[in-house]
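Here's entry-v2.cif, which has mmCIF, C-alpha atoms and all ligand atoms:
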```cif
data_final
#
loop_
_atom_site.label_atom_id
_atom_site.label_comp_id
_atom_site.auth_asym_id
_atom_site.auth_seq_id
_atom_site.Cartn_x
_atom_site.Cartn_y
_atom_site.Cartn_z
CA MET Q 1148 -163.23 -141.47 92.97
CA ALA Q 1149 -160.52 -141.67 90.33
CA ASP Q 1150 -159.60 -137.99 90.37
CA ARG Q 1151 -158.91 -137.83 94.11
CA ARG Q 1152 -155.47 -136.49 94.94
CA TYR Q 1153 -155.20 -138.36 98.26
CA ASP Q 1154 -157.33 -140.48 100.58
CA PRO Q 1155 -159.92 -138.61 102.66
CA ALA Q 1156 -158.18 -137.06 105.66
CA ARG Q 1157 -158.86 -138.39 109.18
CA ARG Q 1158 -157.15 -135.58 111.09
CA VAL Q 1159 -156.88 -132.06 109.69
CA VAL Q 1160 -155.76 -128.56 110.58
CA VAL Q 1161 -157.82 -125.84 108.87
CA LYS Q 1162 -156.34 -122.31 108.91
CA VAL Q 1163 -158.47 -119.33 107.95
CA GLY Q 1164 -156.89 -115.96 107.28
CA SER Q 1165 -158.21 -112.51 108.16
CA SER Q 1166 -158.80 -111.83 104.45
CA THR Q 1167 -161.42 -114.62 104.39
CA LEU Q 1168 -163.07 -113.90 107.73
CA THR Q 1169 -163.69 -110.23 107.29
CA ALA Q 1170 -166.74 -108.57 105.74
CA GLU Q 1171 -166.59 -105.55 103.40
CA ASP Q 1172 -166.60 -103.17 106.38
CA GLY Q 1173 -163.50 -104.82 107.88
CA GLY Q 1174 -165.42 -106.51 110.74
CA LEU Q 1175 -166.07 -110.19 111.33
CA ASP Q 1176 -168.33 -111.82 108.70
CA ARG Q 1177 -170.57 -113.86 111.00
CA GLN Q 1178 -172.48 -115.46 108.17
CA TRP Q 1179 -169.29 -116.88 106.75
CA VAL Q 1180 -168.24 -118.06 110.22
CA ASP Q 1181 -171.58 -119.91 110.44
CA ASP Q 1182 -171.02 -121.51 107.05
CA LEU Q 1183 -167.48 -122.58 108.00
CA CYS Q 1184 -168.77 -124.12 111.25
CA THR Q 1185 -171.44 -126.05 109.34
CA GLN Q 1186 -168.64 -127.62 107.28
CA LEU Q 1187 -166.40 -128.27 110.29
CA ALA Q 1188 -169.30 -129.89 112.15
CA ALA Q 1189 -170.07 -132.12 109.14
CA LEU Q 1190 -166.45 -133.31 109.10
CA ARG Q 1191 -166.46 -133.89 112.83
CA ALA Q 1192 -169.77 -135.80 112.60
CA ASP Q 1193 -168.01 -138.02 110.04
CA GLY Q 1194 -165.35 -138.88 112.64
CA VAL Q 1195 -162.67 -136.56 111.25
CA GLU Q 1196 -160.61 -134.82 113.96
CA VAL Q 1197 -160.47 -131.12 113.21
CA VAL Q 1198 -158.31 -128.31 114.60
CA LEU Q 1199 -159.13 -124.77 113.48
CA VAL Q 1200 -156.43 -122.09 113.44
CA SER Q 1201 -158.27 -118.83 113.03
CA SER Q 1202 -156.90 -115.35 112.52
CA GLY Q 1203 -159.25 -112.39 112.79
CA ALA Q 1204 -158.87 -111.28 116.42
CA VAL Q 1205 -157.64 -107.84 115.40
CA ALA Q 1206 -160.34 -107.51 112.71
CA ALA Q 1207 -163.09 -108.59 115.12
CA GLY Q 1208 -161.95 -106.07 117.72
CA LEU Q 1209 -162.12 -103.00 115.49
CA ARG Q 1210 -165.84 -102.27 115.53
CA PRO Q 1211 -166.45 -102.84 119.28
CA LEU Q 1212 -163.64 -100.36 119.97
CA GLY Q 1213 -164.99 -97.81 117.49
CA LEU Q 1214 -161.96 -98.12 115.20
CA THR Q 1215 -162.57 -97.69 111.48
CA GLN Q 1216 -159.27 -99.15 110.31
CA ARG Q 1217 -156.61 -101.57 111.46
CA PRO Q 1218 -154.17 -99.73 113.78
CA THR Q 1219 -150.47 -99.82 112.92
CA ASP Q 1220 -148.92 -99.55 116.40
CA LEU Q 1221 -148.39 -102.68 118.47
CA GLY Q 1222 -150.22 -101.44 121.58
CA ARG Q 1223 -153.49 -100.72 119.77
CA LEU Q 1224 -153.20 -103.90 117.69
CA GLN Q 1225 -152.92 -105.87 120.93
CA ALA Q 1226 -155.85 -104.02 122.47
CA ALA Q 1227 -157.97 -104.78 119.38
CA ALA Q 1228 -156.89 -108.45 119.50
CA SER Q 1229 -157.82 -108.65 123.19
CA VAL Q 1230 -161.38 -107.50 122.49
CA GLY Q 1231 -161.66 -109.33 119.16
CA GLN Q 1232 -160.41 -112.74 120.34
CA GLY Q 1233 -163.37 -112.99 122.72
CA GLU Q 1234 -165.79 -111.99 119.96
CA LEU Q 1235 -164.19 -114.47 117.57
CA VAL Q 1236 -164.31 -117.50 119.85
CA HIS Q 1237 -167.80 -116.62 120.97
CA ALA Q 1238 -168.96 -116.57 117.32
CA TYR Q 1239 -167.34 -119.97 116.64
CA ALA Q 1240 -168.58 -121.54 119.87
CA ALA Q 1241 -172.16 -120.36 119.26
CA ALA Q 1242 -172.17 -121.62 115.65
CA LEU Q 1243 -170.65 -125.00 116.58
CA ARG Q 1244 -173.05 -125.46 119.48
CA ARG Q 1245 -175.97 -125.23 117.04
CA HIS Q 1246 -174.53 -128.41 115.47
CA GLY Q 1247 -173.98 -130.07 118.84
CA PHE Q 1248 -170.21 -129.49 119.06
CA VAL Q 1249 -168.07 -127.78 121.66
CA ALA Q 1250 -165.19 -125.36 120.96
CA GLY Q 1251 -162.00 -125.10 123.05
CA GLN Q 1252 -159.80 -122.00 122.82
CA VAL Q 1253 -156.00 -122.53 122.56
CA LEU Q 1254 -153.79 -119.42 122.54
CA LEU Q 1255 -150.10 -119.98 121.91
CA VAL Q 1256 -146.84 -118.02 121.83
CA PRO Q 1257 -143.61 -119.44 120.35
CA ASP Q 1258 -142.17 -120.25 123.80
CA ASP Q 1259 -144.99 -122.75 124.25
CA LEU Q 1260 -143.45 -124.84 121.48
CA VAL Q 1261 -139.74 -124.08 122.00
CA THR Q 1262 -139.39 -125.80 125.34
CA ARG Q 1263 -139.79 -129.55 124.93
CA ASP Q 1264 -141.97 -130.10 128.01
CA ARG Q 1265 -144.31 -127.24 127.06
CA TYR Q 1266 -144.48 -128.62 123.51
CA LEU Q 1267 -145.47 -132.05 124.84
CA ASN Q 1268 -147.92 -130.44 127.22
CA ALA Q 1269 -149.59 -128.49 124.39
CA ARG Q 1270 -149.77 -131.69 122.34
CA THR Q 1271 -151.49 -133.50 125.20
CA THR Q 1272 -154.07 -130.71 125.54
CA PHE Q 1273 -154.93 -130.97 121.84
CA SER Q 1274 -155.18 -134.76 122.05
CA GLU Q 1275 -157.50 -134.57 125.05
CA LEU Q 1276 -159.74 -131.97 123.40
CA LEU Q 1277 -159.96 -134.10 120.24
CA ALA Q 1278 -160.55 -137.30 122.21
CA MET Q 1279 -163.46 -135.61 124.00
CA GLY Q 1280 -165.00 -134.60 120.69
CA ALA Q 1281 -164.25 -130.88 121.06
CA LEU Q 1282 -162.91 -128.63 118.33
CA PRO Q 1283 -159.77 -126.71 119.32
CA ILE Q 1284 -159.70 -123.13 117.99
CA VAL Q 1285 -156.17 -121.79 117.92
CA ASN Q 1286 -154.69 -118.32 117.55
CA GLU Q 1287 -151.49 -116.60 118.53
CA ASN Q 1288 -151.81 -115.07 122.01
CA ASP Q 1289 -151.62 -111.60 120.48
CA THR Q 1290 -152.10 -109.66 123.70
CA VAL Q 1291 -148.86 -110.94 125.23
CA ALA Q 1292 -146.77 -111.74 122.14
CA THR Q 1293 -144.09 -109.11 121.58
CA GLU Q 1294 -142.69 -108.00 118.22
CA GLU Q 1295 -139.53 -110.08 118.60
CA LEU Q 1296 -141.28 -113.12 120.03
CA ARG Q 1297 -144.16 -113.81 117.69
CA PHE Q 1298 -144.98 -116.59 115.29
CA GLY Q 1299 -145.50 -113.59 113.04
CA ASP Q 1300 -148.37 -115.07 111.11
CA ASN Q 1301 -150.86 -117.84 111.60
CA ASP Q 1302 -149.70 -119.77 108.54
CA ARG Q 1303 -146.56 -120.69 110.45
CA LEU Q 1304 -148.47 -121.38 113.65
CA ALA Q 1305 -150.89 -123.66 111.76
CA ALA Q 1306 -148.00 -125.57 110.15
CA LEU Q 1307 -146.31 -126.08 113.53
CA VAL Q 1308 -149.55 -127.38 115.04
CA ALA Q 1309 -150.05 -129.70 112.03
CA SER Q 1310 -146.48 -130.97 112.38
CA MET Q 1311 -146.82 -131.41 116.16
CA LEU Q 1312 -150.10 -133.34 115.91
CA GLY Q 1313 -149.05 -135.44 112.90
CA VAL Q 1314 -152.27 -134.69 111.00
CA ASP Q 1315 -152.82 -135.90 107.41
CA LEU Q 1316 -153.70 -132.54 105.97
CA LEU Q 1317 -153.15 -128.81 106.47
CA MET Q 1318 -155.64 -126.53 104.68
CA LEU Q 1319 -154.67 -122.88 104.30
CA LEU Q 1320 -157.81 -120.97 103.36
CA SER Q 1321 -157.28 -117.53 101.90
CA ASP Q 1322 -158.81 -115.05 99.42
CA VAL Q 1323 -157.10 -116.59 96.37
CA GLU Q 1324 -157.89 -119.86 94.52
CA GLY Q 1325 -154.45 -121.19 95.34
CA LEU Q 1326 -150.84 -120.40 94.53
CA HIS Q 1327 -150.78 -118.41 91.30
CA ASP Q 1328 -147.88 -118.61 88.90
CA GLY Q 1329 -147.20 -114.87 89.45
CA GLN Q 1330 -149.45 -112.01 90.62
CA PRO Q 1331 -153.12 -113.09 90.75
CA SER Q 1332 -154.18 -109.52 89.79
CA ALA Q 1333 -152.13 -109.83 86.58
CA GLY Q 1334 -154.11 -112.94 85.58
CA ALA Q 1335 -151.41 -115.54 86.40
CA PRO Q 1336 -152.96 -119.05 86.45
CA VAL Q 1337 -153.30 -121.21 89.58
CA ILE Q 1338 -150.71 -124.00 89.93
CA ASN Q 1339 -152.44 -127.34 90.63
CA GLU Q 1340 -149.62 -129.22 92.34
CA VAL Q 1341 -146.18 -128.36 93.70
CA HIS Q 1342 -143.95 -131.38 94.24
CA ASP Q 1343 -140.74 -129.46 94.92
CA LEU Q 1344 -140.92 -126.16 96.77
CA SER Q 1345 -137.38 -125.29 95.72
CA THR Q 1346 -138.63 -124.80 92.14
CA LEU Q 1347 -140.62 -121.74 93.27
CA ASP Q 1348 -139.12 -118.25 93.19
CA ASP Q 1349 -139.89 -114.63 94.08
CA ARG Q 1350 -142.68 -114.52 91.48
CA HIS Q 1351 -144.59 -116.99 93.60
CA ARG Q 1352 -143.69 -115.57 96.98
CA GLY Q 1353 -145.20 -112.21 95.96
CA GLY Q 1354 -145.69 -109.24 98.26
CA THR Q 1355 -147.00 -109.08 101.77
CA GLY Q 1356 -150.60 -109.97 100.91
CA SER Q 1357 -153.98 -108.34 101.36
CA ALA Q 1358 -154.76 -105.24 103.45
CA VAL Q 1359 -156.03 -107.27 106.40
CA GLY Q 1360 -153.75 -110.34 106.17
CA SER Q 1361 -150.19 -110.34 107.43
CA GLY Q 1362 -148.18 -113.07 105.78
CA GLY Q 1363 -149.05 -113.08 102.07
CA MET Q 1364 -148.08 -116.04 99.90
CA ALA Q 1365 -144.50 -116.20 101.24
CA SER Q 1366 -145.68 -117.29 104.68
CA LYS Q 1367 -148.01 -119.88 103.14
CA LEU Q 1368 -145.13 -121.39 101.19
CA ASP Q 1369 -143.00 -121.49 104.35
CA ALA Q 1370 -145.91 -123.23 106.07
CA ALA Q 1371 -146.17 -125.71 103.18
CA ARG Q 1372 -142.46 -126.49 103.63
CA VAL Q 1373 -142.89 -127.24 107.36
CA ALA Q 1374 -145.98 -129.37 106.65
CA THR Q 1375 -144.59 -131.41 103.76
CA PHE Q 1376 -141.30 -132.00 105.60
CA SER Q 1377 -143.40 -133.32 108.48
CA GLY Q 1378 -145.21 -135.81 106.22
CA VAL Q 1379 -148.37 -133.67 106.04
CA SER Q 1380 -150.23 -132.82 102.80
CA CYS Q 1381 -150.89 -129.12 102.37
CA VAL Q 1382 -153.54 -127.37 100.25
CA ILE Q 1383 -153.97 -123.63 99.65
CA ALA Q 1384 -157.53 -122.83 98.56
CA ARG Q 1385 -160.10 -120.05 98.52
CA GLY Q 1386 -161.99 -119.94 101.80
CA ARG Q 1387 -165.19 -118.62 100.25
CA ARG Q 1388 -165.46 -121.37 97.67
CA PRO Q 1389 -168.67 -123.28 98.56
CA ASP Q 1390 -167.95 -126.51 100.50
CA VAL Q 1391 -164.22 -125.91 100.26
CA VAL Q 1392 -163.40 -127.60 103.59
CA LEU Q 1393 -165.40 -130.73 102.77
CA ASP Q 1394 -164.03 -131.00 99.24
CA VAL Q 1395 -160.39 -130.52 100.25
CA ALA Q 1396 -160.75 -132.98 103.15
CA ARG Q 1397 -162.03 -135.59 100.67
CA GLY Q 1398 -159.01 -135.11 98.42
CA GLU Q 1399 -160.84 -133.43 95.56
CA GLN Q 1400 -158.88 -131.32 93.12
CA VAL Q 1401 -159.31 -127.89 94.65
CA GLY Q 1402 -156.63 -125.20 94.98
CA THR Q 1403 -152.90 -125.94 95.05
CA TRP Q 1404 -151.73 -129.22 96.55
CA PHE Q 1405 -148.29 -129.78 98.10
CA PRO Q 1406 -147.89 -133.55 98.65
CA PRO Q 1407 -145.86 -134.72 101.69
CA ALA Q 1408 -142.15 -134.66 100.88
CA ARG Q 1409 -141.28 -137.61 103.10
CA LYS Q 1410 -142.62 -140.01 105.69
CA ARG Q 1411 -143.21 -138.35 109.03
CA PRO Q 1412 -139.88 -138.10 110.91
CA ASP Q 1413 -140.01 -138.93 114.61
CA SER Q 1414 -141.63 -136.36 116.86
CA ARG Q 1415 -138.44 -135.22 118.61
CA ARG Q 1416 -136.74 -134.42 115.31
CA LEU Q 1417 -139.75 -132.45 114.10
CA TRP Q 1418 -139.72 -130.41 117.26
CA LEU Q 1419 -136.00 -129.81 116.84
CA ALA Q 1420 -136.36 -128.83 113.18
CA PHE Q 1421 -139.18 -126.34 113.50
CA ALA Q 1422 -140.15 -125.33 116.99
CA HIS Q 1423 -136.69 -124.76 118.39
CA GLN Q 1424 -134.93 -121.45 117.82
CA PRO Q 1425 -131.27 -121.88 116.78
CA ALA Q 1426 -128.73 -120.06 118.98
CA GLY Q 1427 -125.98 -120.05 116.33
CA ARG Q 1428 -124.69 -121.38 113.03
CA LEU Q 1429 -121.90 -123.75 112.07
CA HIS Q 1430 -120.53 -123.34 108.56
CA VAL Q 1431 -119.31 -126.61 107.07
CA ASP Q 1432 -117.49 -127.69 103.91
CA ALA Q 1433 -118.94 -129.64 100.98
CA GLY Q 1434 -117.66 -132.97 102.30
CA ALA Q 1435 -119.52 -132.48 105.58
CA VAL Q 1436 -122.72 -131.57 103.69
CA ARG Q 1437 -122.44 -134.88 101.76
CA ALA Q 1438 -121.76 -136.85 104.96
CA LEU Q 1439 -124.81 -135.38 106.69
CA ALA Q 1440 -127.26 -135.32 103.80
CA GLN Q 1441 -126.31 -138.55 102.03
CA ARG Q 1442 -124.87 -140.81 104.71
CA GLY Q 1443 -126.71 -139.58 107.80
CA SER Q 1444 -123.37 -139.13 109.62
CA SER Q 1445 -122.69 -137.10 112.76
CA LEU Q 1446 -120.99 -133.72 112.25
CA LEU Q 1447 -117.26 -133.92 113.05
CA ALA Q 1448 -114.99 -130.96 113.83
CA ILE Q 1449 -112.93 -131.51 110.68
CA GLY Q 1450 -115.81 -130.38 108.44
CA VAL Q 1451 -116.56 -127.17 110.36
CA THR Q 1452 -115.12 -124.05 108.71
CA ALA Q 1453 -116.59 -121.19 110.78
CA VAL Q 1454 -118.78 -120.52 113.82
CA ASP Q 1455 -121.44 -117.79 114.27
CA GLY Q 1456 -123.12 -116.95 117.59
CA THR Q 1457 -122.41 -117.47 121.27
CA PHE Q 1458 -124.15 -120.74 122.04
CA GLU Q 1459 -123.75 -123.10 124.99
CA ARG Q 1460 -123.49 -126.89 125.02
CA GLY Q 1461 -126.98 -128.31 124.44
CA ASP Q 1462 -128.27 -125.34 122.42
CA ALA Q 1463 -129.85 -125.80 118.99
CA ILE Q 1464 -127.72 -124.64 116.04
CA ASP Q 1465 -128.12 -124.56 112.28
CA VAL Q 1466 -125.55 -126.30 110.08
CA VAL Q 1467 -124.94 -124.24 106.93
CA GLY Q 1468 -123.27 -125.41 103.70
CA PRO Q 1469 -120.65 -123.52 101.64
CA ASP Q 1470 -123.45 -121.87 99.60
CA GLY Q 1471 -124.96 -120.37 102.78
CA HIS Q 1472 -128.02 -122.65 102.78
CA PRO Q 1473 -129.02 -124.49 105.98
CA VAL Q 1474 -128.61 -128.26 105.65
CA ALA Q 1475 -129.42 -129.44 109.17
CA ARG Q 1476 -130.41 -128.38 112.65
CA GLY Q 1477 -129.16 -130.10 115.77
CA ILE Q 1478 -128.15 -129.93 119.41
CA VAL Q 1479 -124.48 -128.99 119.73
CA ALA Q 1480 -122.23 -130.93 122.11
CA TYR Q 1481 -119.75 -128.05 122.79
CA ASP Q 1482 -119.99 -124.31 123.36
CA ALA Q 1483 -119.11 -121.74 120.68
CA ALA Q 1484 -115.55 -121.14 121.97
CA GLU Q 1485 -114.83 -124.89 122.05
CA VAL Q 1486 -116.16 -125.45 118.53
CA THR Q 1487 -114.09 -122.49 117.30
CA ALA Q 1488 -110.95 -124.09 118.79
CA MET Q 1489 -111.83 -127.53 117.41
CA ARG Q 1490 -112.91 -126.60 113.88
CA GLY Q 1491 -110.96 -128.12 110.97
CA ARG Q 1492 -109.20 -130.69 113.19
CA SER Q 1493 -109.55 -134.45 112.88
CA THR Q 1494 -110.87 -136.53 115.77
CA GLU Q 1495 -107.39 -138.15 116.03
CA GLN Q 1496 -105.65 -134.78 116.33
CA LEU Q 1497 -108.12 -133.67 118.98
CA THR Q 1498 -107.74 -136.88 121.01
CA ASP Q 1499 -103.91 -136.72 120.76
CA GLU Q 1500 -103.92 -133.15 122.03
CA GLN Q 1501 -106.72 -133.25 124.58
CA GLY Q 1502 -107.46 -136.87 125.45
CA ASP Q 1503 -111.10 -137.96 125.28
CA ALA Q 1504 -112.53 -134.59 126.34
CA PHE Q 1505 -113.12 -133.54 122.72
CA ALA Q 1506 -113.62 -136.94 121.11
CA ALA Q 1507 -117.40 -136.70 120.67
CA PRO Q 1508 -118.84 -135.35 117.39
CA ILE Q 1509 -119.80 -131.65 117.33
CA VAL Q 1510 -123.39 -132.68 116.63
CA HIS Q 1511 -124.37 -136.33 117.06
CA ARG Q 1512 -126.58 -137.70 114.30
CA ASP Q 1513 -129.26 -138.72 116.84
CA ALA Q 1514 -129.56 -135.07 117.89
CA MET Q 1515 -129.78 -133.71 114.35
CA VAL Q 1516 -132.38 -133.38 111.64
CA VAL Q 1517 -131.25 -132.93 108.04
CA THR Q 1518 -133.44 -130.32 106.38
CA ALA Q 1519 -131.72 -129.96 102.97
N1 LIG P 1 -148.22 -116.00 93.65
C1 LIG P 1 -149.29 -115.65 94.40
N2 LIG P 1 -150.38 -116.46 94.38
C2 LIG P 1 -151.46 -116.16 95.14
N3 LIG P 1 -151.54 -115.08 95.95
C3 LIG P 1 -150.50 -114.24 96.04
C4 LIG P 1 -149.31 -114.49 95.26
N4 LIG P 1 -148.43 -113.51 95.52
C5 LIG P 1 -149.02 -112.68 96.43
N5 LIG P 1 -150.27 -113.11 96.75
C6 LIG P 1 -151.17 -112.42 97.70
O1 LIG P 1 -151.33 -113.17 98.91
C7 LIG P 1 -152.59 -112.80 99.48
C8 LIG P 1 -153.02 -113.80 100.54
O2 LIG P 1 -152.22 -113.63 101.70
P1 LIG P 1 -152.78 -112.90 103.04
O3 LIG P 1 -153.35 -111.57 102.68
O4 LIG P 1 -151.73 -112.96 104.06
O5 LIG P 1 -154.00 -113.84 103.35
P2 LIG P 1 -154.59 -114.51 104.65
O6 LIG P 1 -155.23 -113.43 105.44
O7 LIG P 1 -155.58 -115.45 104.05
O8 LIG P 1 -153.47 -115.21 105.38
C9 LIG P 1 -153.51 -112.73 98.27
O9 LIG P 1 -154.60 -111.89 98.48
C10 LIG P 1 -152.59 -112.22 97.16
O10 LIG P 1 -152.75 -110.85 96.93
N1 LIG P 2 -153.25 -113.33 115.25
C1 LIG P 2 -153.75 -112.33 114.29
C2 LIG P 2 -153.63 -112.82 112.86
C3 LIG P 2 -152.29 -112.81 112.26
C4 LIG P 2 -152.30 -113.43 110.86
O1 LIG P 2 -151.51 -114.31 110.57
O2 LIG P 2 -153.23 -113.06 109.97
P1 LIG P 2 -153.42 -113.75 108.52
O3 LIG P 2 -152.23 -113.44 107.64
O4 LIG P 2 -154.67 -113.13 108.02
O5 LIG P 2 -153.62 -115.21 108.74
C5 LIG P 2 -155.24 -112.05 114.51
O6 LIG P 2 -155.95 -112.91 115.04
O7 LIG P 2 -155.67 -110.95 114.13
#
```

Could you write out this file's structure as structure tokens?
Amino acid sequence: MADRRYDPARRVVVKVGSSTLTAEDGGLDRQWVDDLCTQLAALRADGVEVVLVSSGAVAAGLRPLGLTQRPTDLGRLQAAASVGQGELVHAYAAALRRHGFVAGQVLLVPDDLVTRDRYLNARTTFSELLAMGALPIVNENDTVATEELRFGDNDRLAALVASMLGVDLLMLLSDVEGLHDGQPSAGAPVINEVHDLSTLDDRHRGGTGSAVGSGGMASKLDAARVATFSGVSCVIARGRRPDVVLDVARGEQVGTWFPPARKRPDSRRLWLAFAHQPAGRLHVDAGAVRALAQRGSSLLAIGVTAVDGTFERGDAIDVVGPDGHPVARGIVAYDAAEVTAMRGRSTEQLTDEQGDAFAAPIVHRDAMVVTA
């Protein structure tokens, strides 16, 4: 078809938000869950590998616990999620089974992706589930995630899973037609395509979102950044649009499309860029930014102007340009005190003074991913 945006996807992550899953009374809309599963099963029957990231645990837990509205305190939110997650997966598993497919539950917390061996382990589990024809259903492990150690919203979690699995397409299904050029309630039109996320501003990032959702548009745009950097197409579309999953998977012009920004970087760099939490920041001068971003060089001490944080050798750090924007993330070869002592000095000066002990770059280019 001439008006396709991209070739039909062979491997997709579909994320559905609480705002789409919930009925008028705030509980789980089982009829919509059935309809979604009919679409997912049709894709799967066509040979497309599908991972579903579904919010809605808290929403699904409200009614069984006799709650009439979403609690605000962490303890009761976690209790509601504990009850609701079972309800949610049961609803998906029952609906998929009617189409002959099996669901597998995957609950993740950020630590599962931060440590390299756990990241690889999670990736293997997904691959095995997909190879066996099952449909992984993912959510944050809300009952154990703490305020400080959360993905925060499932848009980010879905983008990390899409990046980790190297899928072709990430679909973020919400209660809006796509990214509006301003507040949807004020009649701002939907943007069809976004080729450069840096052209968007606060008008597009909007507020925190609907009453039941948590991230709003800002978290979807952050997810689009992670996806497109990872070589994954991203589409934001309305979850209740008939056949939305099938149409978006085929590349039809639905919602807002964010084409991949680059070819998929290698898996280790993607993990470094997104899953890893930086332990500190290195501020660098404009010359170092050019060397990293344009020439793919290693970061040398001479370009470092300041050091934030108390990191150890081997920790992940962000490299920040003179304007305060991150330009790269990498594994640092020295601890914070050593980098502080070395900063601004040439490799020759350092070798003259210290011998070979400080001759290596601060961050070697093989252990760095440029994100600017
Ligand atoms: N520029 C914008 N375009 C579209 N939606 C926006 C925009 N700014 C803010 N929003 C809000 O984001 C909400 C969707 O986010 P959220 O409630 O977190 O949904 P979900 O539960 O699907 O993740 C919309 O209902 C809308 O009110
Ligand atoms: N993990 C939570 C959902 C958190 C979340 O990101 O919600 P949403 O913004 O609706 O996608 C739950 O299952 O209720």

I'd like the contact shell of Thr1262 of chain Q - 12 Å cut-off, only C-alpha atoms, skipping same-chain residues fewer than 2 positions apart - returned as an mmCIF file with C-alpha atoms, in the frame of the given file.
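Below you can see around.cif, which holds the result:
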```cif
data_model
loop_
_atom_site.group_PDB
_atom_site.id
_atom_site.type_symbol
_atom_site.label_atom_id
_atom_site.label_comp_id
_atom_site.auth_asym_id
_atom_site.auth_seq_id
_atom_site.Cartn_x
_atom_site.Cartn_y
_atom_site.Cartn_z
ATOM 1 C CA VAL Q 1256 -146.840 -118.020 121.830
ATOM 2 C CA PRO Q 1257 -143.610 -119.440 120.350
ATOM 3 C CA ASP Q 1258 -142.170 -120.250 123.800
ATOM 4 C CA ASP Q 1259 -144.990 -122.750 124.250
ATOM 5 C CA LEU Q 1260 -143.450 -124.840 121.480
ATOM 6 C CA ASP Q 1264 -141.970 -130.100 128.010
ATOM 7 C CA ARG Q 1265 -144.310 -127.240 127.060
ATOM 8 C CA TYR Q 1266 -144.480 -128.620 123.510
ATOM 9 C CA LEU Q 1267 -145.470 -132.050 124.840
ATOM 10 C CA ASN Q 1268 -147.920 -130.440 127.220
ATOM 11 C CA ALA Q 1269 -149.590 -128.490 124.390
ATOM 12 C CA ARG Q 1415 -138.440 -135.220 118.610
ATOM 13 C CA TRP Q 1418 -139.720 -130.410 117.260
ATOM 14 C CA LEU Q 1419 -136.000 -129.810 116.840
ATOM 15 C CA PHE Q 1421 -139.180 -126.340 113.500
ATOM 16 C CA ALA Q 1422 -140.150 -125.330 116.990
ATOM 17 C CA HIS Q 1423 -136.690 -124.760 118.390
ATOM 18 C CA GLN Q 1424 -134.930 -121.450 117.820
ATOM 19 C CA ASP Q 1462 -128.270 -125.340 122.420
ATOM 20 C CA ALA Q 1463 -129.850 -125.800 118.990
#
```

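Distance check against ligand LIG 2 (chain P) using only C-alpha atoms and all ligand atoms: of Q:Val1474, Q:Val1160, Q:Ala1292, Q:Ala1170, the minimum falls on Q:Ala1292.
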
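Proximity of Q:Gly1173, Q:Gly1450, Q:Pro1331, Q:Gly1233 to ligand LIG 1 (chain P), computed with only C-alpha atoms and all ligand atoms, is greatest for Q:Pro1331.
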
Distance limit 7 Å, reference ligand LIG 2 (chain P), atoms considered: all atoms listed in the file. Which residues make the cut? Give them as a VMD selection string. chain Q and resid 1163 to 1166 1201 to 1206 1228 1232 1286 to 1287 1289 1299 to 1302 1359 to 1363

Report as a tab-separated table (two decimals) with C-alpha atoms, keeping the file's coordinate frame all protein, DNA and RNA residues lying within 12 Å of Pro1155 of chain Q, evaluated on only C-alpha atoms, omitting residues in the same chain fewer than 3 positions from it.
```tsv
chain	number	residue	atom	x	y	z
Q	1148	MET	CA	-163.23	-141.47	92.97
Q	1151	ARG	CA	-158.91	-137.83	94.11
Q	1152	ARG	CA	-155.47	-136.49	94.94
Q	1158	ARG	CA	-157.15	-135.58	111.09
Q	1159	VAL	CA	-156.88	-132.06	109.69
Q	1190	LEU	CA	-166.45	-133.31	109.10
Q	1193	ASP	CA	-168.01	-138.02	110.04
Q	1194	GLY	CA	-165.35	-138.88	112.64
Q	1195	VAL	CA	-162.67	-136.56	111.25
Q	1196	GLU	CA	-160.61	-134.82	113.96
Q	1314	VAL	CA	-152.27	-134.69	111.00
Q	1315	ASP	CA	-152.82	-135.90	107.41
Q	1316	LEU	CA	-153.70	-132.54	105.97
Q	1380	SER	CA	-150.23	-132.82	102.80
Q	1392	VAL	CA	-163.40	-127.60	103.59
Q	1393	LEU	CA	-165.40	-130.73	102.77
Q	1394	ASP	CA	-164.03	-131.00	99.24
Q	1395	VAL	CA	-160.39	-130.52	100.25
Q	1396	ALA	CA	-160.75	-132.98	103.15
Q	1397	ARG	CA	-162.03	-135.59	100.67
Q	1398	GLY	CA	-159.01	-135.11	98.42
Q	1399	GLU	CA	-160.84	-133.43	95.56
```

Selection as a count of residues only: residues within 9 Å of ligand LIG 1 (chain P) by only C-alpha atoms and all ligand atoms: 51

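Taking atom CA of Leu1368 of chain Q and atom CA of Arg1387 of chain Q as the two end points, the separation is 20.3 Å.
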
Test item: which residues lie within 10 Å of (-165.1, -108.0, 121.8) counting all atoms listed in the file, as a PyMOL selection string: chain Q and resi 1204-1205+1207-1212+1227-1237

Restricting the output to C-alpha atoms, write the selected residues as a short mmCIF file (atom, residue, chain, number, x, y, z; two decimals), keeping the file's coordinate frame.
```
data_model
loop_
_atom_site.label_atom_id
_atom_site.label_comp_id
_atom_site.auth_asym_id
_atom_site.auth_seq_id
_atom_site.Cartn_x
_atom_site.Cartn_y
_atom_site.Cartn_z
CA ALA Q 1204 -158.87 -111.28 116.42
CA VAL Q 1205 -157.64 -107.84 115.40
CA ALA Q 1207 -163.09 -108.59 115.12
CA GLY Q 1208 -161.95 -106.07 117.72
CA LEU Q 1209 -162.12 -103.00 115.49
CA ARG Q 1210 -165.84 -102.27 115.53
CA PRO Q 1211 -166.45 -102.84 119.28
CA LEU Q 1212 -163.64 -100.36 119.97
CA ALA Q 1227 -157.97 -104.78 119.38
CA ALA Q 1228 -156.89 -108.45 119.50
CA SER Q 1229 -157.82 -108.65 123.19
CA VAL Q 1230 -161.38 -107.50 122.49
CA GLY Q 1231 -161.66 -109.33 119.16
CA GLN Q 1232 -160.41 -112.74 120.34
CA GLY Q 1233 -163.37 -112.99 122.72
CA GLU Q 1234 -165.79 -111.99 119.96
CA LEU Q 1235 -164.19 -114.47 117.57
CA VAL Q 1236 -164.31 -117.50 119.85
CA HIS Q 1237 -167.80 -116.62 120.97
#
```
